[in-house]
file my_file-v5.cif (mmCIF, C-alpha atoms and all ligand atoms)
data_input
loop_
_atom_site.label_atom_id
_atom_site.label_comp_id
_atom_site.auth_asym_id
_atom_site.auth_seq_id
_atom_site.Cartn_x
_atom_site.Cartn_y
_atom_site.Cartn_z
CA MET E 1 136.85 94.11 183.05
CA ALA E 2 134.68 96.17 185.42
CA SER E 3 136.42 97.72 188.44
CA VAL E 4 134.78 97.84 191.90
CA GLY E 5 131.48 99.73 191.86
CA GLN E 6 131.35 99.85 188.07
CA LYS E 7 128.35 98.66 186.11
CA VAL E 8 129.15 97.65 182.56
CA TYR E 9 126.23 98.39 180.23
CA ALA E 10 127.81 97.36 176.94
CA PRO E 11 131.36 96.57 175.84
CA GLY E 12 133.37 99.70 176.53
CA VAL E 13 130.56 101.50 178.40
CA ALA E 14 130.68 101.49 182.22
CA VAL E 15 128.88 103.60 184.81
CA SER E 16 130.38 104.26 188.22
CA GLU E 17 130.58 106.79 191.04
CA GLY E 18 133.11 109.52 190.36
CA ASN E 19 134.31 112.49 192.39
CA GLY E 20 131.84 113.75 194.97
CA GLY E 21 129.70 110.64 194.45
CA LEU E 22 128.53 111.97 191.07
CA GLN E 23 127.73 109.35 188.44
CA LYS E 24 130.06 109.10 185.49
CA ILE E 25 130.34 107.05 182.35
CA ASP E 26 133.65 105.63 181.15
CA LEU E 27 133.88 104.90 177.43
CA LYS E 28 136.63 102.77 175.91
CA SER E 29 136.95 102.31 172.17
CA SER E 30 138.45 99.22 170.57
CA HIS E 31 141.24 101.50 169.25
CA GLY E 32 142.48 102.30 172.76
CA SER E 33 140.99 105.77 173.18
CA GLU E 34 138.99 106.56 176.33
CA ALA E 35 136.55 109.21 177.51
CA GLU E 36 134.98 110.04 180.87
CA ILE E 37 131.63 111.83 181.08
CA TYR E 38 129.92 113.12 184.21
CA LEU E 39 126.13 112.93 183.98
CA PHE E 40 125.98 116.19 185.93
CA GLY E 41 125.90 118.75 183.12
CA ALA E 42 126.83 116.02 180.58
CA CYS E 43 130.42 117.17 181.05
CA VAL E 44 133.14 115.24 179.19
CA THR E 45 136.04 115.50 181.67
CA SER E 46 138.65 113.35 179.92
CA PHE E 47 139.53 112.31 176.38
CA LYS E 48 142.60 110.08 176.17
CA VAL E 49 143.98 109.20 172.76
CA PRO E 50 145.53 105.71 172.33
CA ASN E 51 149.00 106.83 173.54
CA GLY E 52 147.40 107.69 176.90
CA LYS E 53 147.62 111.50 176.55
CA ASP E 54 144.60 113.36 177.87
CA LEU E 55 143.75 116.21 175.49
CA LEU E 56 141.35 117.79 178.01
CA PHE E 57 142.05 119.52 181.33
CA VAL E 58 140.13 119.77 184.60
CA ARG E 59 141.08 122.68 186.84
CA PRO E 60 142.51 121.70 190.24
CA ASP E 61 139.85 123.90 191.89
CA ALA E 62 136.95 122.18 190.05
CA VAL E 63 134.13 121.18 192.39
CA PHE E 64 132.11 118.01 192.06
CA ASN E 65 129.24 118.81 194.39
CA GLY E 66 126.31 118.70 191.99
CA GLN E 67 125.67 122.40 192.64
CA LYS E 68 128.29 124.18 190.56
CA PRO E 69 129.35 123.33 187.01
CA ILE E 70 132.54 121.29 186.70
CA SER E 71 135.38 123.66 185.73
CA GLY E 72 137.10 121.55 183.13
CA GLY E 73 136.65 119.23 180.19
CA ILE E 74 133.74 120.21 177.94
CA PRO E 75 131.08 121.93 180.04
CA HIS E 76 127.86 122.84 178.24
CA CYS E 77 126.72 126.40 178.69
CA PHE E 78 122.98 126.41 178.11
CA PRO E 79 121.15 128.67 178.66
CA GLN E 80 123.93 129.21 181.17
CA PHE E 81 126.10 126.81 183.20
CA GLY E 82 124.17 124.10 185.06
CA PRO E 83 122.85 120.56 184.92
CA GLY E 84 121.18 119.29 181.75
CA PRO E 85 120.17 116.15 179.95
CA MET E 86 122.88 113.87 178.60
CA GLN E 87 123.74 114.49 174.93
CA GLN E 88 125.38 112.03 172.59
CA VAL E 89 129.04 111.68 172.68
CA SER E 90 130.90 109.61 170.06
CA LEU E 91 134.38 108.29 170.76
CA HIS E 92 136.72 107.37 167.91
CA SER E 93 140.40 106.46 167.88
CA THR E 94 141.80 110.00 167.81
CA SER E 95 138.64 112.06 167.81
CA LEU E 96 135.75 112.88 170.11
CA SER E 97 132.50 114.29 168.76
CA THR E 98 129.73 115.88 170.76
CA THR E 99 126.26 116.85 169.63
CA LEU E 100 124.09 119.36 171.45
CA GLU E 101 120.42 119.38 170.54
CA ILE E 102 118.10 121.96 172.04
CA ILE E 103 114.38 121.28 171.59
CA ASN E 104 111.57 123.68 172.44
CA THR E 105 108.91 121.42 173.99
CA ASP E 106 106.94 124.43 175.26
CA VAL E 107 103.98 126.10 173.56
CA LYS E 108 105.73 129.47 173.38
CA PRO E 109 109.01 130.53 171.81
CA PHE E 110 112.17 130.99 173.87
CA SER E 111 115.58 132.52 173.24
CA PHE E 112 118.97 131.12 174.13
CA ASN E 113 122.66 131.38 173.57
CA SER E 114 125.11 128.63 174.26
CA ALA E 115 128.73 127.47 174.27
CA LEU E 116 130.97 124.45 174.79
CA HIS E 117 133.47 125.80 177.30
CA THR E 118 136.21 123.32 176.38
CA TYR E 119 139.35 123.17 178.54
CA PHE E 120 142.34 121.69 176.67
CA SER E 121 145.50 120.43 178.34
CA ALA E 122 148.30 122.73 177.23
CA SER E 123 151.64 124.31 177.96
CA ILE E 124 150.50 127.89 177.57
CA ALA E 125 153.85 129.40 176.46
CA GLY E 126 153.74 127.19 173.36
CA VAL E 127 150.03 127.46 172.54
CA SER E 128 148.69 128.90 169.31
CA VAL E 129 145.29 128.88 167.61
CA LYS E 130 145.04 129.17 163.83
CA GLY E 131 141.98 130.05 161.75
CA LEU E 132 140.65 133.22 163.35
CA LYS E 133 142.30 135.84 161.11
CA ASP E 134 139.81 138.46 159.85
CA CYS E 135 137.11 137.52 162.38
CA LYS E 136 135.30 140.33 164.19
CA THR E 137 136.35 140.35 167.82
CA LEU E 138 134.76 141.40 171.10
CA ASN E 139 137.67 141.69 173.48
CA LYS E 140 136.61 141.32 177.12
CA ASP E 141 140.01 142.54 178.29
CA PRO E 142 140.21 144.96 180.08
CA ASP E 143 136.46 145.34 180.76
CA PRO E 144 134.28 142.20 180.43
CA LYS E 145 131.11 144.32 180.69
CA ASN E 146 132.10 146.58 177.77
CA PRO E 147 133.91 144.38 175.24
CA LEU E 148 135.97 146.27 172.69
CA GLU E 149 135.05 145.68 169.05
CA GLY E 150 137.91 144.88 166.70
CA LYS E 151 139.22 142.53 164.05
CA GLU E 152 141.74 139.70 164.41
CA GLU E 153 144.82 140.46 162.32
CA ARG E 154 146.98 137.49 163.35
CA GLU E 155 147.30 134.14 161.53
CA GLU E 156 148.07 132.53 164.88
CA VAL E 157 146.75 133.73 168.21
CA THR E 158 149.15 133.17 171.13
CA PHE E 159 148.75 133.57 174.90
CA PRO E 160 151.55 135.73 176.31
CA GLY E 161 149.21 137.15 178.97
CA PHE E 162 145.53 137.31 179.96
CA VAL E 163 143.21 136.49 177.01
CA ASP E 164 139.40 136.65 177.04
CA CYS E 165 138.07 137.30 173.55
CA ILE E 166 134.95 136.45 171.54
CA TYR E 167 135.35 135.80 167.80
CA LEU E 168 132.17 136.39 165.78
CA GLY E 169 131.62 134.40 162.59
CA ALA E 170 134.40 131.92 163.38
CA PRO E 171 135.22 129.29 160.75
CA SER E 172 134.17 125.66 160.99
CA GLU E 173 137.75 124.53 161.71
CA LEU E 174 140.38 125.85 164.10
CA ILE E 175 143.80 124.30 164.64
CA LEU E 176 145.10 124.30 168.20
CA ASP E 177 148.79 123.68 168.89
CA ASN E 178 148.67 122.76 172.59
CA GLY E 179 152.38 123.44 173.18
CA LEU E 180 152.78 119.82 174.28
CA GLY E 181 153.61 118.47 170.83
CA ASP E 182 150.05 117.97 169.60
CA LYS E 183 148.01 119.68 166.91
CA ILE E 184 144.27 119.39 167.45
CA ALA E 185 141.65 120.19 164.82
CA ILE E 186 138.48 121.58 166.37
CA THR E 187 135.74 121.34 163.75
CA ASN E 188 132.12 122.19 164.16
CA SER E 189 128.77 122.57 162.48
CA ASN E 190 126.36 125.30 163.52
CA TRP E 191 128.52 126.80 166.27
CA SER E 192 128.81 130.26 164.71
CA ASP E 193 131.34 131.87 167.05
CA ALA E 194 134.37 131.06 169.19
CA VAL E 195 135.87 132.20 172.49
CA LEU E 196 139.52 132.06 173.57
CA TRP E 197 140.27 132.30 177.26
CA ASN E 198 143.29 131.96 179.51
CA PRO E 199 143.18 133.65 182.93
CA HIS E 200 146.98 134.08 183.22
CA LEU E 201 147.94 135.28 186.74
CA GLN E 202 144.29 135.37 187.88
CA MET E 203 144.70 131.59 188.27
CA GLU E 204 148.36 131.38 189.06
CA ALA E 205 148.18 127.75 190.20
CA CYS E 206 147.05 126.31 186.86
CA TYR E 207 146.94 128.85 184.01
CA LYS E 208 150.09 127.42 182.39
CA ASP E 209 148.46 124.01 182.02
CA PHE E 210 145.35 124.75 179.99
CA VAL E 211 143.70 126.88 177.36
CA CYS E 212 139.98 127.26 176.66
CA VAL E 213 139.02 127.18 172.99
CA GLU E 214 135.24 127.35 172.93
CA ASN E 215 132.65 126.87 170.24
CA ALA E 216 129.83 129.28 170.93
CA LYS E 217 126.61 130.85 169.74
CA ILE E 218 126.84 134.37 171.07
CA GLU E 219 123.85 136.08 169.45
CA MET E 220 120.54 135.08 171.03
CA ALA E 221 118.59 132.65 168.84
CA GLN E 222 114.85 132.16 169.05
CA LEU E 223 113.28 128.69 168.98
CA GLU E 224 109.60 128.37 168.09
CA PRO E 225 107.50 125.60 169.73
CA LYS E 226 108.58 122.11 168.52
CA GLN E 227 111.61 123.58 166.74
CA SER E 228 115.07 122.28 167.54
CA TRP E 229 118.64 123.50 167.15
CA VAL E 230 121.56 121.11 166.72
CA ALA E 231 125.29 121.80 166.78
CA GLU E 232 128.25 119.43 166.63
CA GLN E 233 131.87 119.67 167.68
CA LYS E 234 134.71 117.31 166.80
CA ILE E 235 138.12 117.35 168.49
CA GLU E 236 140.70 115.42 166.50
CA LEU E 237 144.42 114.85 166.82
CA VAL E 238 146.05 115.68 163.47
O1 LIG K 301 133.30 129.36 184.69
P1 LIG K 301 134.75 129.11 184.48
O2 LIG K 301 135.06 127.73 184.02
O3 LIG K 301 135.55 129.54 185.68
O4 LIG K 301 135.23 130.08 183.29
C1 LIG K 301 135.05 131.46 183.35
C2 LIG K 301 135.50 132.16 182.07
O5 LIG K 301 134.86 131.54 180.97
C3 LIG K 301 135.18 132.09 179.70
O6 LIG K 301 134.43 131.41 178.73
C4 LIG K 301 134.75 133.53 179.66
O7 LIG K 301 135.07 134.08 178.38
C5 LIG K 301 135.45 134.28 180.78
O8 LIG K 301 135.00 135.64 180.77
C6 LIG K 301 135.15 133.64 182.12
O9 LIG K 301 135.89 134.28 183.14
#
call {"tool": "encode", "arguments": {"input": "my_file-v5.cif", "output": "C-alpha cells", "more": "lines below"}}
Ligand SMILES: O=P(O)(O)OC[C@H]1O[C@@H](O)[C@H](O)[C@@H](O)[C@@H]1O
result
Amino acid sequence: MASVGQKVYAPGVAVSEGNGGLQKIDLKSSHGSEAEIYLFGACVTSFKVPNGKDLLFVRPDAVFNGQKPISGGIPHCFPQFGPGPMQQVSLHSTSLSTTLEIINTDVKPFSFNSALHTYFSASIAGVSVKGLKDCKTLNKDPDPKNPLEGKEEREEVTFPGFVDCIYLGAPSELILDNGLGDKIAITNSNWSDAVLWNPHLQMEACYKDFVCVENAKIEMAQLEPKQSWVAEQKIELV
C-alpha cells in the first residue's frame, strides 16, 4: 500500500519525497528485501534483507540538500562526487546489484576514474575483509597526497585504527565480516581496484558503526566517442 505522498509506479516501486525534499525510490521485492534510492546522485541509501537488517549505513552528518553528495549508502564517484543519471539497480532476496554505465556521447575522447563509495553498517572492532592478500597497495595514511606503495600481506584486513588504503588489481570477490554477525560477499565485474576506509577518531561520533569497502577504477581510463564502459557490483549476504 502507498503511504502519504508516495506514487506507486509498479508493484514494489514507489516514488516519494525523502530527506530535504529530495525524490527517492523505494523498492520492495516479493521476498521481503527492500532498497531505498535517492535520485540525487543515484545513491542507494538502504538495503534491508528480509530479516529487516540494513546492510548499508548513512552517516549521521550526511546532508540531503541537493548540493553535496550523500555521505552514506552507495554513492557513485564519477568523474568525482556529484549528481548523475539514475543507473539500474536490481533487488533480490539477499542481494543488491548495481550497474554503472558510462557512455561518451561527445565527439572527442575523455578520461575518467570512478568508484562506488559503499558505506556498510558495521561494528568496527569485529570487522574484517578477506581477499586482498598479495594486492599492491597505495596507503594514504599518513599522507593522502603521497600514498605509500606496498603489498598486502594479511589474509584478513582489520580496522584497529585509521585505515585509508587503495588496493590495485583487487579480485572480483571480497568477503566482508561486518562484526554484526553477517558475512557479505562483494562481487564485481570490471571494477579493477578497491579502497578500504574507516576514519577512526576523525569521526568519533560514528566511526564504530560503519566501514567503507569500495569498488574502484583508480587508473584513468580513456573513452573514445560512442564508446561505453560498464561495471557491476553485487552485495550478497552469505
Ligand atoms: O566524502 P566522504 O564520504 O566523506 O568520504 C571521504 C573519504 O573517502 C574515501 O573513499 C577516501 O579513501 C578517503 O581518503 C576520504 O577521506
call {"tool": "residues_near_ligand", "arguments": {"input": "my_file-v5.cif", "ligand": "ligand LIG 301 (chain K)", "cutoff": "8 Å", "atoms": "all atoms listed in the file", "output": "PDB file with C-alpha atoms, in the coordinates of the input"}}
result
ATOM      1  CA  PRO E  69     129.350 123.330 187.010  1.00  0.00           C
ATOM      2  CA  ILE E  70     132.540 121.290 186.700  1.00  0.00           C
ATOM      3  CA  SER E  71     135.380 123.660 185.730  1.00  0.00           C
ATOM      4  CA  GLY E  72     137.100 121.550 183.130  1.00  0.00           C
ATOM      5  CA  PHE E  81     126.100 126.810 183.200  1.00  0.00           C
ATOM      6  CA  HIS E 117     133.470 125.800 177.300  1.00  0.00           C
ATOM      7  CA  LYS E 140     136.610 141.320 177.120  1.00  0.00           C
ATOM      8  CA  PRO E 144     134.280 142.200 180.430  1.00  0.00           C
ATOM      9  CA  ASP E 164     139.400 136.650 177.040  1.00  0.00           C
ATOM     10  CA  CYS E 165     138.070 137.300 173.550  1.00  0.00           C
ATOM     11  CA  ILE E 166     134.950 136.450 171.540  1.00  0.00           C
ATOM     12  CA  VAL E 195     135.870 132.200 172.490  1.00  0.00           C
ATOM     13  CA  LEU E 196     139.520 132.060 173.570  1.00  0.00           C
ATOM     14  CA  TRP E 197     140.270 132.300 177.260  1.00  0.00           C
ATOM     15  CA  PRO E 199     143.180 133.650 182.930  1.00  0.00           C
ATOM     16  CA  CYS E 212     139.980 127.260 176.660  1.00  0.00           C
ATOM     17  CA  GLU E 214     135.240 127.350 172.930  1.00  0.00           C
TER      18      GLU E 214
END
call {"tool": "residues_near_point", "arguments": {"input": "my_file-v5.cif", "point": "(121.3, 139.1, 170.2)", "cutoff": "10 Å", "atoms": "all atoms listed in the file", "output": "NGL selection string"}}
result
:E and (111-113 or 217-222)
call {"tool": "residues_around", "arguments": {"input": "my_file-v5.cif", "residues": "E:Gly169", "least_positions_apart": "3", "cutoff": "8 Å", "atoms": "only C-alpha atoms", "output": "list in words"}}
result
Cys135, Lys136, Ser192, Asp193 and Ala194 of chain E
call {"tool": "atom_distance", "arguments": {"input": "my_file-v5.cif", "atom1": "atom CA of E:Leu27", "atom2": "atom CA of E:Asn198"}}
result
28.7 Å
call {"tool": "closest_residue", "arguments": {"input": "my_file-v5.cif", "among": "E:Leu174, E:Val13, E:Val129, E:Ala35", "to": "E:Ile186", "atoms": "only C-alpha atoms"}}
result
E:Leu174
call {"tool": "residues_around", "arguments": {"input": "my_file-v5.cif", "residues": "E:Glu224", "least_positions_apart": "4", "cutoff": "12 Å", "atoms": "only C-alpha atoms", "output": "list of chain:residue names"}}
result
E:Ile102, E:Ile103, E:Asn104, E:Thr105, E:Asp106, E:Val107, E:Lys108, E:Pro109, E:Phe110, E:Ser111, E:Phe112, E:Ser228, E:Trp229
call {"tool": "residues_around", "arguments": {"input": "my_file-v5.cif", "residues": "stretch 39-53 of chain E", "least_positions_apart": "4", "cutoff": "10 Å", "atoms": "all atoms listed in the file", "output": "PyMOL selection string"}}
result
chain E and resi 15+22-35+57-58+64-78+81-89+91-96+98+116-121+182+235-237
call {"tool": "residues_around", "arguments": {"input": "my_file-v5.cif", "residues": "E:Gly181", "least_positions_apart": "3", "cutoff": "10 Å", "atoms": "all atoms listed in the file", "output": "list of chain:residue names"}}
result
E:Ala122, E:Ser123, E:Gly126, E:Val127, E:Asp177, E:Asn178, E:Ile184
call {"tool": "atom_distance", "arguments": {"input": "my_file-v5.cif", "atom1": "atom CA of E:Ala231", "atom2": "atom CA of E:Leu148"}}
result
27.3 Å
call {"tool": "atom_distance", "arguments": {"input": "my_file-v5.cif", "atom1": "atom CA of E:Asp134", "atom2": "atom CA of E:Glu155"}}
result
8.8 Å
call {"tool": "closest_residue", "arguments": {"input": "my_file-v5.cif", "among": "E:Glu173, E:Glu232, E:Asp54, E:Asp141", "to": "E:Phe210", "atoms": "all atoms listed in the file"}}
result
E:Asp54
call {"tool": "residues_around", "arguments": {"input": "my_file-v5.cif", "residues": "E:Ala205", "least_positions_apart": "6", "cutoff": "12 Å", "atoms": "all atoms listed in the file", "output": "VMD selection string"}}
result
chain E and resid 59 to 61 199
call {"tool": "write_last_selection", "arguments": {"input": "my_file-v5.cif", "atoms": "C-alpha atoms", "output": "mmCIF file, keeping the file's coordinate frame"}}
result
data_model
loop_
_atom_site.group_PDB
_atom_site.id
_atom_site.type_symbol
_atom_site.label_atom_id
_atom_site.label_comp_id
_atom_site.auth_asym_id
_atom_site.auth_seq_id
_atom_site.Cartn_x
_atom_site.Cartn_y
_atom_site.Cartn_z
ATOM 1 C CA ARG E 59 141.080 122.680 186.840
ATOM 2 C CA PRO E 60 142.510 121.700 190.240
ATOM 3 C CA ASP E 61 139.850 123.900 191.890
ATOM 4 C CA PRO E 199 143.180 133.650 182.930
#
call {"tool": "decode", "arguments": {"input": "my_file-v5.cif", "residues": "stretch 88-182 of chain E", "atoms": "C-alpha atoms", "output": "PDB file, in the first residue's frame"}}
result
ATOM      1  CA  GLN E  88      19.915   0.335 -12.863  1.00  0.00           C
ATOM      2  CA  VAL E  89      19.609  -1.213  -9.543  1.00  0.00           C
ATOM      3  CA  SER E  90      18.383  -4.812  -9.137  1.00  0.00           C
ATOM      4  CA  LEU E  91      16.974  -6.001  -5.824  1.00  0.00           C
ATOM      5  CA  HIS E  92      16.925  -9.700  -4.957  1.00  0.00           C
ATOM      6  CA  SER E  93      16.119 -11.506  -1.718  1.00  0.00           C
ATOM      7  CA  THR E  94      19.569 -11.248  -0.125  1.00  0.00           C
ATOM      8  CA  SER E  95      21.493  -9.386  -2.782  1.00  0.00           C
ATOM      9  CA  LEU E  96      21.593  -5.965  -4.384  1.00  0.00           C
ATOM     10  CA  SER E  97      23.267  -5.409  -7.741  1.00  0.00           C
ATOM     11  CA  THR E  98      24.192  -2.096  -9.277  1.00  0.00           C
ATOM     12  CA  THR E  99      25.377  -1.369 -12.789  1.00  0.00           C
ATOM     13  CA  LEU E 100      27.243   1.776 -13.765  1.00  0.00           C
ATOM     14  CA  GLU E 101      27.455   2.530 -17.464  1.00  0.00           C
ATOM     15  CA  ILE E 102      29.484   5.476 -18.698  1.00  0.00           C
ATOM     16  CA  ILE E 103      28.891   6.470 -22.326  1.00  0.00           C
ATOM     17  CA  ASN E 104      30.906   9.009 -24.283  1.00  0.00           C
ATOM     18  CA  THR E 105      28.267  10.886 -26.290  1.00  0.00           C
ATOM     19  CA  ASP E 106      30.774  13.600 -27.255  1.00  0.00           C
ATOM     20  CA  VAL E 107      32.795  13.797 -30.466  1.00  0.00           C
ATOM     21  CA  LYS E 108      36.112  13.773 -28.614  1.00  0.00           C
ATOM     22  CA  PRO E 109      37.623  11.292 -26.169  1.00  0.00           C
ATOM     23  CA  PHE E 110      37.547  11.876 -22.418  1.00  0.00           C
ATOM     24  CA  SER E 111      39.255  10.299 -19.424  1.00  0.00           C
ATOM     25  CA  PHE E 112      37.719   9.288 -16.124  1.00  0.00           C
ATOM     26  CA  ASN E 113      38.194   7.314 -12.986  1.00  0.00           C
ATOM     27  CA  SER E 114      35.395   6.173 -10.754  1.00  0.00           C
ATOM     28  CA  ALA E 115      34.343   4.369  -7.578  1.00  0.00           C
ATOM     29  CA  LEU E 116      31.341   3.104  -5.647  1.00  0.00           C
ATOM     30  CA  HIS E 117      31.985   4.584  -2.219  1.00  0.00           C
ATOM     31  CA  THR E 118      29.899   1.988  -0.358  1.00  0.00           C
ATOM     32  CA  TYR E 119      29.215   2.509   3.361  1.00  0.00           C
ATOM     33  CA  PHE E 120      28.359  -0.748   5.159  1.00  0.00           C
ATOM     34  CA  SER E 121      26.747  -0.946   8.586  1.00  0.00           C
ATOM     35  CA  ALA E 122      29.307  -2.497  10.904  1.00  0.00           C
ATOM     36  CA  SER E 123      30.690  -2.864  14.392  1.00  0.00           C
ATOM     37  CA  ILE E 124      34.216  -1.802  13.560  1.00  0.00           C
ATOM     38  CA  ALA E 125      36.028  -3.780  16.293  1.00  0.00           C
ATOM     39  CA  GLY E 126      34.759  -7.009  14.712  1.00  0.00           C
ATOM     40  CA  VAL E 127      35.177  -6.092  11.031  1.00  0.00           C
ATOM     41  CA  SER E 128      37.435  -7.964   8.643  1.00  0.00           C
ATOM     42  CA  VAL E 129      37.822  -8.019   4.867  1.00  0.00           C
ATOM     43  CA  LYS E 130      39.143 -11.129   3.125  1.00  0.00           C
ATOM     44  CA  GLY E 131      40.508 -11.429  -0.408  1.00  0.00           C
ATOM     45  CA  LEU E 132      43.094  -8.664  -0.651  1.00  0.00           C
ATOM     46  CA  LYS E 133      46.258 -10.633   0.202  1.00  0.00           C
ATOM     47  CA  ASP E 134      49.076 -10.007  -2.304  1.00  0.00           C
ATOM     48  CA  CYS E 135      47.426  -6.908  -3.821  1.00  0.00           C
ATOM     49  CA  LYS E 136      49.595  -3.851  -4.442  1.00  0.00           C
ATOM     50  CA  THR E 137      48.635  -1.125  -2.004  1.00  0.00           C
ATOM     51  CA  LEU E 138      48.710   2.666  -2.001  1.00  0.00           C
ATOM     52  CA  ASN E 139      48.379   3.583   1.639  1.00  0.00           C
ATOM     53  CA  LYS E 140      47.002   7.100   2.128  1.00  0.00           C
ATOM     54  CA  ASP E 141      47.908   7.004   5.815  1.00  0.00           C
ATOM     55  CA  PRO E 142      49.744   9.101   6.969  1.00  0.00           C
ATOM     56  CA  ASP E 143      49.860  11.375   3.882  1.00  0.00           C
ATOM     57  CA  PRO E 144      46.892  11.193   1.450  1.00  0.00           C
ATOM     58  CA  LYS E 145      48.807  13.295  -1.103  1.00  0.00           C
ATOM     59  CA  ASN E 146      51.795  10.919  -1.171  1.00  0.00           C
ATOM     60  CA  PRO E 147      50.412   7.390  -0.781  1.00  0.00           C
ATOM     61  CA  LEU E 148      52.976   4.788   0.240  1.00  0.00           C
ATOM     62  CA  GLU E 149      53.394   1.856  -2.143  1.00  0.00           C
ATOM     63  CA  GLY E 150      53.321  -1.592  -0.587  1.00  0.00           C
ATOM     64  CA  LYS E 151      51.824  -5.056  -0.715  1.00  0.00           C
ATOM     65  CA  GLU E 152      49.047  -6.527   1.436  1.00  0.00           C
ATOM     66  CA  GLU E 153      50.402  -9.451   3.450  1.00  0.00           C
ATOM     67  CA  ARG E 154      47.301 -10.221   5.525  1.00  0.00           C
ATOM     68  CA  GLU E 155      44.595 -12.800   4.736  1.00  0.00           C
ATOM     69  CA  GLU E 156      42.138 -10.626   6.646  1.00  0.00           C
ATOM     70  CA  VAL E 157      42.343  -6.866   6.929  1.00  0.00           C
ATOM     71  CA  THR E 158      41.039  -5.478  10.232  1.00  0.00           C
ATOM     72  CA  PHE E 159      40.375  -1.925  11.457  1.00  0.00           C
ATOM     73  CA  PRO E 160      42.113  -1.318  14.785  1.00  0.00           C
ATOM     74  CA  GLY E 161      42.700   2.342  13.889  1.00  0.00           C
ATOM     75  CA  PHE E 162      42.523   4.801  10.973  1.00  0.00           C
ATOM     76  CA  VAL E 163      42.502   2.990   7.587  1.00  0.00           C
ATOM     77  CA  ASP E 164      42.589   4.660   4.159  1.00  0.00           C
ATOM     78  CA  CYS E 165      44.148   2.353   1.588  1.00  0.00           C
ATOM     79  CA  ILE E 166      43.838   1.690  -2.146  1.00  0.00           C
ATOM     80  CA  TYR E 167      44.248  -1.900  -3.379  1.00  0.00           C
ATOM     81  CA  LEU E 168      45.319  -2.166  -7.023  1.00  0.00           C
ATOM     82  CA  GLY E 169      44.278  -5.232  -9.027  1.00  0.00           C
ATOM     83  CA  ALA E 170      41.730  -6.347  -6.437  1.00  0.00           C
ATOM     84  CA  PRO E 171      39.935  -9.655  -7.028  1.00  0.00           C
ATOM     85  CA  SER E 172      36.365  -9.941  -8.254  1.00  0.00           C
ATOM     86  CA  GLU E 173      35.148 -11.110  -4.828  1.00  0.00           C
ATOM     87  CA  LEU E 174      35.792  -9.794  -1.328  1.00  0.00           C
ATOM     88  CA  ILE E 175      34.215 -11.157   1.841  1.00  0.00           C
ATOM     89  CA  LEU E 176      33.257  -8.612   4.474  1.00  0.00           C
ATOM     90  CA  ASP E 177      32.533  -9.713   8.039  1.00  0.00           C
ATOM     91  CA  ASN E 178      30.629  -6.683   9.344  1.00  0.00           C
ATOM     92  CA  GLY E 179      31.181  -7.555  13.024  1.00  0.00           C
ATOM     93  CA  LEU E 180      27.404  -7.695  13.469  1.00  0.00           C
ATOM     94  CA  GLY E 181      27.079 -11.395  12.683  1.00  0.00           C
ATOM     95  CA  ASP E 182      26.876 -11.101   8.900  1.00  0.00           C
TER      96      ASP E 182
END
